[in-house]
Amino acid sequence: MPGPTPTGNVLILYGHGALTDATFDFRRAGPACANLYSWTREGIPVWDSQIQRAADDALASGTIRSSYATVNSSRIGGTTLRDYILAWPEGLALPAIPAGYNQTAIAALGATAHHNGATVAASTRILLMIDDNNPPIYLSDALNDPNFSARPLDVLWCACRSG
C-alpha cells in the first residue's frame, strides 16, 4: 500500500521518547497537512542505531523511506493520536548533520533546530532536538509550535522507546 504524497518538508524529532496517557487532536488545515511517520507500532522498542539511520537518511535525501514507518496523516476534521514525550537525547547515537546546516534555538520548546535553509521557515529538512538538561516536551507541543504548525510536513518520530 503506498504511503501519503510527500510534502517536500521533513521535520525529524530526535531524542528519548516515552508513552503517555494523553491524546491530542491531529487537526490541520489542508495546506498545512502533516504526515507523522514512526518506526513501529506503539509500545515496540526502537533502538538508537535504528533511529540514527532513519534520521541520517532523511537529512541526506530529504525523504523518508516508506519501509521505515507506519504513517498517521492529519485530518481537516481531526483525528485523535497518542501524545508522546520527546526528551533530550543524552547518551544516544546522534545523526550526522550535513555540512552547511544552520542552527536556530527555539526557546518555547527548549530545543534547537538544525536546518538546511537560512531560517527554519526557509528549510525543507529540519532536525529538532531538546537541548541539554531541558525538560521534555510533548509531540503535540512540537507540532503546534509556530515554526511548524502552519506548513505541510513529513514528521519523522525518531525517538528511542527502549524503556
# chains A, B, ... in the order shown; residues from 1 in each chain; ligands from 1
call {"tool": "residues_around", "arguments": {"residues": "Pro135 of chain A", "least_positions_apart": "4", "cutoff": "8 Å", "atoms": "only C-alpha atoms", "output": "PyMOL selection string"}}
result
chain A and resi 87-88+110+130
call {"tool": "write_last_selection", "arguments": {"atoms": "N, CA and C atoms", "output": "compact mmCIF listing (two decimals), in the first residue's frame"}}
result
# COMPACT_ATOMS: atom_id res chain seq x y z
N ALA A 87 12.38 13.75 24.76
CA ALA A 87 13.35 14.25 25.75
C ALA A 87 14.73 14.39 25.13
N TRP A 88 15.58 15.08 25.85
CA TRP A 88 16.98 15.30 25.50
C TRP A 88 17.62 13.96 25.11
N GLY A 110 12.59 24.72 24.29
CA GLY A 110 13.84 24.34 24.94
C GLY A 110 14.66 23.44 24.03
N ILE A 130 15.80 18.35 21.79
CA ILE A 130 15.72 19.08 23.05
C ILE A 130 17.15 19.38 23.50
call {"tool": "select_by_dssp", "arguments": {"residues": "chain A", "states": "alpha helix (DSSP H)", "output": "PyMOL selection string"}}
result
chain A and resi 48-61+139-144
call {"tool": "write_last_selection", "arguments": {"atoms": "N, CA and C atoms", "output": "CSV table (one decimal), in the first residue's frame"}}
result
chain,number,residue,atom,x,y,z
A,48,ASP,N,18.6,3.1,19.4
A,48,ASP,CA,19.1,4.4,18.8
A,48,ASP,C,19.8,4.1,17.5
A,49,SER,N,20.4,3.0,17.2
A,49,SER,CA,21.0,2.8,15.9
A,49,SER,C,20.0,2.8,14.8
A,50,GLN,N,18.8,2.3,15.1
A,50,GLN,CA,17.7,2.4,14.1
A,50,GLN,C,17.3,3.8,13.8
A,51,ILE,N,17.1,4.6,14.9
A,51,ILE,CA,16.6,6.0,14.7
A,51,ILE,C,17.7,6.8,14.1
A,52,GLN,N,18.9,6.5,14.4
A,52,GLN,CA,20.1,7.3,13.8
A,52,GLN,C,20.1,7.1,12.3
A,53,ARG,N,20.0,5.9,11.9
A,53,ARG,CA,20.0,5.6,10.4
A,53,ARG,C,18.8,6.3,9.7
A,54,ALA,N,17.6,6.2,10.3
A,54,ALA,CA,16.5,6.9,9.7
A,54,ALA,C,16.7,8.4,9.6
A,55,ALA,N,17.2,9.0,10.7
A,55,ALA,CA,17.5,10.4,10.7
A,55,ALA,C,18.5,10.8,9.6
A,56,ASP,N,19.6,10.0,9.6
A,56,ASP,CA,20.7,10.2,8.6
A,56,ASP,C,20.1,10.2,7.2
A,57,ASP,N,19.3,9.2,6.9
A,57,ASP,CA,18.8,9.1,5.6
A,57,ASP,C,17.9,10.3,5.2
A,58,ALA,N,17.0,10.7,6.2
A,58,ALA,CA,16.1,11.8,5.9
A,58,ALA,C,16.9,13.2,5.8
A,59,LEU,N,17.9,13.4,6.6
A,59,LEU,CA,18.7,14.6,6.5
A,59,LEU,C,19.5,14.6,5.1
A,60,ALA,N,20.0,13.5,4.7
A,60,ALA,CA,20.8,13.4,3.5
A,60,ALA,C,19.9,13.5,2.2
A,61,SER,N,18.8,12.9,2.2
A,61,SER,CA,18.0,12.8,1.0
A,61,SER,C,16.7,13.7,1.0
A,139,LEU,N,4.8,15.6,21.9
A,139,LEU,CA,4.8,15.6,20.4
A,139,LEU,C,3.9,16.8,20.0
A,140,SER,N,2.7,16.9,20.6
A,140,SER,CA,1.8,18.0,20.2
A,140,SER,C,2.4,19.4,20.4
A,141,ASP,N,3.3,19.6,21.4
A,141,ASP,CA,4.0,20.9,21.5
A,141,ASP,C,4.8,21.2,20.3
A,142,ALA,N,5.6,20.2,19.8
A,142,ALA,CA,6.4,20.4,18.6
A,142,ALA,C,5.5,20.7,17.4
A,143,LEU,N,4.5,19.9,17.2
A,143,LEU,CA,3.7,20.1,16.0
A,143,LEU,C,2.9,21.4,16.0
A,144,ASN,N,2.6,21.9,17.2
A,144,ASN,CA,1.8,23.1,17.3
A,144,ASN,C,2.7,24.4,17.5
call {"tool": "closest_residue", "arguments": {"among": "A:Arg75, A:Pro152, A:Ile106, A:Val120", "to": "Thr5 of chain A", "atoms": "only C-alpha atoms"}}
result
A:Pro152
call {"tool": "residues_around", "arguments": {"residues": "Thr23 of chain A", "least_positions_apart": "5", "cutoff": "8 Å", "atoms": "only C-alpha atoms", "output": "ChimeraX atom specification"}}
result
/A:80-83
call {"tool": "write_last_selection", "arguments": {"atoms": "C-alpha atoms", "output": "mmCIF file, in the first residue's frame"}}
result
data_model
loop_
_atom_site.group_PDB
_atom_site.id
_atom_site.type_symbol
_atom_site.label_atom_id
_atom_site.label_comp_id
_atom_site.auth_asym_id
_atom_site.auth_seq_id
_atom_site.Cartn_x
_atom_site.Cartn_y
_atom_site.Cartn_z
ATOM 1 C CA THR A 80 -7.027 11.561 17.880
ATOM 2 C CA LEU A 81 -3.456 10.380 18.419
ATOM 3 C CA ARG A 82 -1.464 9.357 21.484
ATOM 4 C CA ASP A 83 0.734 12.205 22.714
#
call {"tool": "decode", "arguments": {"residues": "segment 33-163 of chain A", "atoms": "C-alpha atoms", "output": "compact mmCIF listing (two decimals), in the first residue's frame"}}
result
# COMPACT_ATOMS: atom_id res chain seq x y z
CA CYS A 33 -1.19 18.80 6.11
CA ALA A 34 1.21 16.65 8.11
CA ASN A 35 2.20 13.00 7.90
CA LEU A 36 3.59 11.52 11.10
CA TYR A 37 5.97 8.62 10.49
CA SER A 38 7.02 6.28 13.27
CA TRP A 39 9.16 3.16 13.16
CA THR A 40 6.84 0.65 14.73
CA ARG A 41 3.50 0.08 16.38
CA GLU A 42 3.00 1.67 19.77
CA GLY A 43 4.99 0.11 22.59
CA ILE A 44 7.55 -1.72 20.42
CA PRO A 45 11.16 -0.82 21.38
CA VAL A 46 13.21 1.18 18.88
CA TRP A 47 16.95 1.30 19.38
CA ASP A 48 19.13 4.35 18.83
CA SER A 49 21.04 2.75 15.95
CA GLN A 50 17.74 2.41 14.06
CA ILE A 51 16.59 5.97 14.68
CA GLN A 52 20.07 7.29 13.85
CA ARG A 53 19.98 5.58 10.42
CA ALA A 54 16.47 6.88 9.73
CA ALA A 55 17.45 10.44 10.67
CA ASP A 56 20.69 10.25 8.65
CA ASP A 57 18.75 9.11 5.56
CA ALA A 58 16.12 11.84 5.91
CA LEU A 59 18.72 14.58 6.47
CA ALA A 60 20.79 13.44 3.49
CA SER A 61 17.99 12.79 0.99
CA GLY A 62 15.03 14.85 2.23
CA THR A 63 12.78 11.80 2.08
CA ILE A 64 11.50 9.17 4.48
CA ARG A 65 11.65 5.64 3.19
CA SER A 66 8.20 4.07 3.15
CA SER A 67 9.64 0.83 4.51
CA TYR A 68 10.71 2.62 7.70
CA ALA A 69 7.40 3.60 9.11
CA THR A 70 3.78 3.48 9.93
CA VAL A 71 2.03 6.70 9.00
CA ASN A 72 -0.72 8.82 10.52
CA SER A 73 -1.91 11.78 8.47
CA SER A 74 -3.54 14.91 9.81
CA ARG A 75 -7.21 15.43 9.07
CA ILE A 76 -9.09 18.67 8.49
CA GLY A 77 -11.81 17.34 10.80
CA GLY A 78 -9.23 15.98 13.23
CA THR A 79 -8.10 12.58 14.39
CA THR A 80 -7.03 11.56 17.88
CA LEU A 81 -3.46 10.38 18.42
CA ARG A 82 -1.46 9.36 21.48
CA ASP A 83 0.73 12.20 22.71
CA TYR A 84 4.32 11.02 23.20
CA ILE A 85 7.09 12.73 25.13
CA LEU A 86 10.33 13.78 23.46
CA ALA A 87 13.35 14.25 25.75
CA TRP A 88 16.98 15.30 25.50
CA PRO A 89 18.98 12.66 23.54
CA GLU A 90 21.51 12.07 26.32
CA GLY A 91 23.62 9.01 25.56
CA LEU A 92 22.04 8.33 22.15
CA ALA A 93 23.98 7.99 18.93
CA LEU A 94 23.30 11.29 17.18
CA PRO A 95 22.53 11.74 13.49
CA ALA A 96 25.13 13.14 11.11
CA ILE A 97 24.17 16.75 10.43
CA PRO A 98 25.24 17.56 6.87
CA ALA A 99 27.71 20.38 6.20
CA GLY A 100 26.07 23.73 5.62
CA TYR A 101 23.17 23.23 8.03
CA ASN A 102 22.28 26.15 10.29
CA GLN A 103 21.07 26.14 13.91
CA THR A 104 18.17 28.02 15.45
CA ALA A 105 17.25 27.93 19.14
CA ILE A 106 13.52 27.53 19.73
CA ALA A 107 13.17 28.83 23.28
CA ALA A 108 9.50 27.89 23.68
CA LEU A 109 10.45 24.23 23.20
CA GLY A 110 13.84 24.34 24.94
CA ALA A 111 15.23 22.86 21.73
CA THR A 112 17.50 23.55 18.79
CA ALA A 113 16.56 23.13 15.15
CA HIS A 114 19.32 22.14 12.72
CA HIS A 115 18.12 23.08 9.24
CA ASN A 116 19.23 23.25 5.62
CA GLY A 117 17.98 26.76 4.84
CA ALA A 118 18.93 30.19 6.12
CA THR A 119 15.96 30.08 8.53
CA VAL A 120 13.67 27.37 9.86
CA ALA A 121 10.86 28.73 7.66
CA ALA A 122 13.04 28.56 4.53
CA SER A 123 14.20 25.00 5.25
CA THR A 124 12.99 21.72 3.80
CA ARG A 125 14.99 19.47 6.17
CA ILE A 126 14.86 20.13 9.89
CA LEU A 127 16.22 18.15 12.83
CA LEU A 128 14.79 19.14 16.24
CA MET A 129 16.42 18.02 19.47
CA ILE A 130 15.72 19.08 23.05
CA ASP A 131 18.70 20.98 24.48
CA ASP A 132 20.89 19.54 27.26
CA ASN A 133 19.05 19.15 30.54
CA ASN A 134 15.87 20.90 29.35
CA PRO A 135 12.56 19.31 30.29
CA PRO A 136 10.86 17.01 27.81
CA ILE A 137 8.10 18.24 25.52
CA TYR A 138 5.02 16.57 24.09
CA LEU A 139 4.78 15.62 20.43
CA SER A 140 1.81 17.99 20.21
CA ASP A 141 3.98 20.86 21.53
CA ALA A 142 6.41 20.40 18.64
CA LEU A 143 3.68 20.05 16.01
CA ASN A 144 1.82 23.11 17.31
CA ASP A 145 4.89 25.34 17.60
CA PRO A 146 4.58 28.36 15.25
CA ASN A 147 7.71 27.23 13.39
CA PHE A 148 5.89 24.08 12.26
CA SER A 149 2.12 24.43 12.67
CA ALA A 150 1.19 26.34 9.51
CA ARG A 151 3.23 24.42 6.95
CA PRO A 152 2.99 20.98 5.36
CA LEU A 153 5.35 18.50 6.98
CA ASP A 154 6.51 14.92 6.89
CA VAL A 155 7.35 14.39 10.55
CA LEU A 156 9.75 11.55 11.38
CA TRP A 157 9.44 10.46 15.01
CA CYS A 158 12.99 9.31 15.79
CA ALA A 159 12.69 8.70 19.49
CA CYS A 160 14.22 5.77 21.31
CA ARG A 161 11.44 3.87 23.07
CA SER A 162 13.56 1.19 24.65
CA GLY A 163 12.39 1.68 28.21
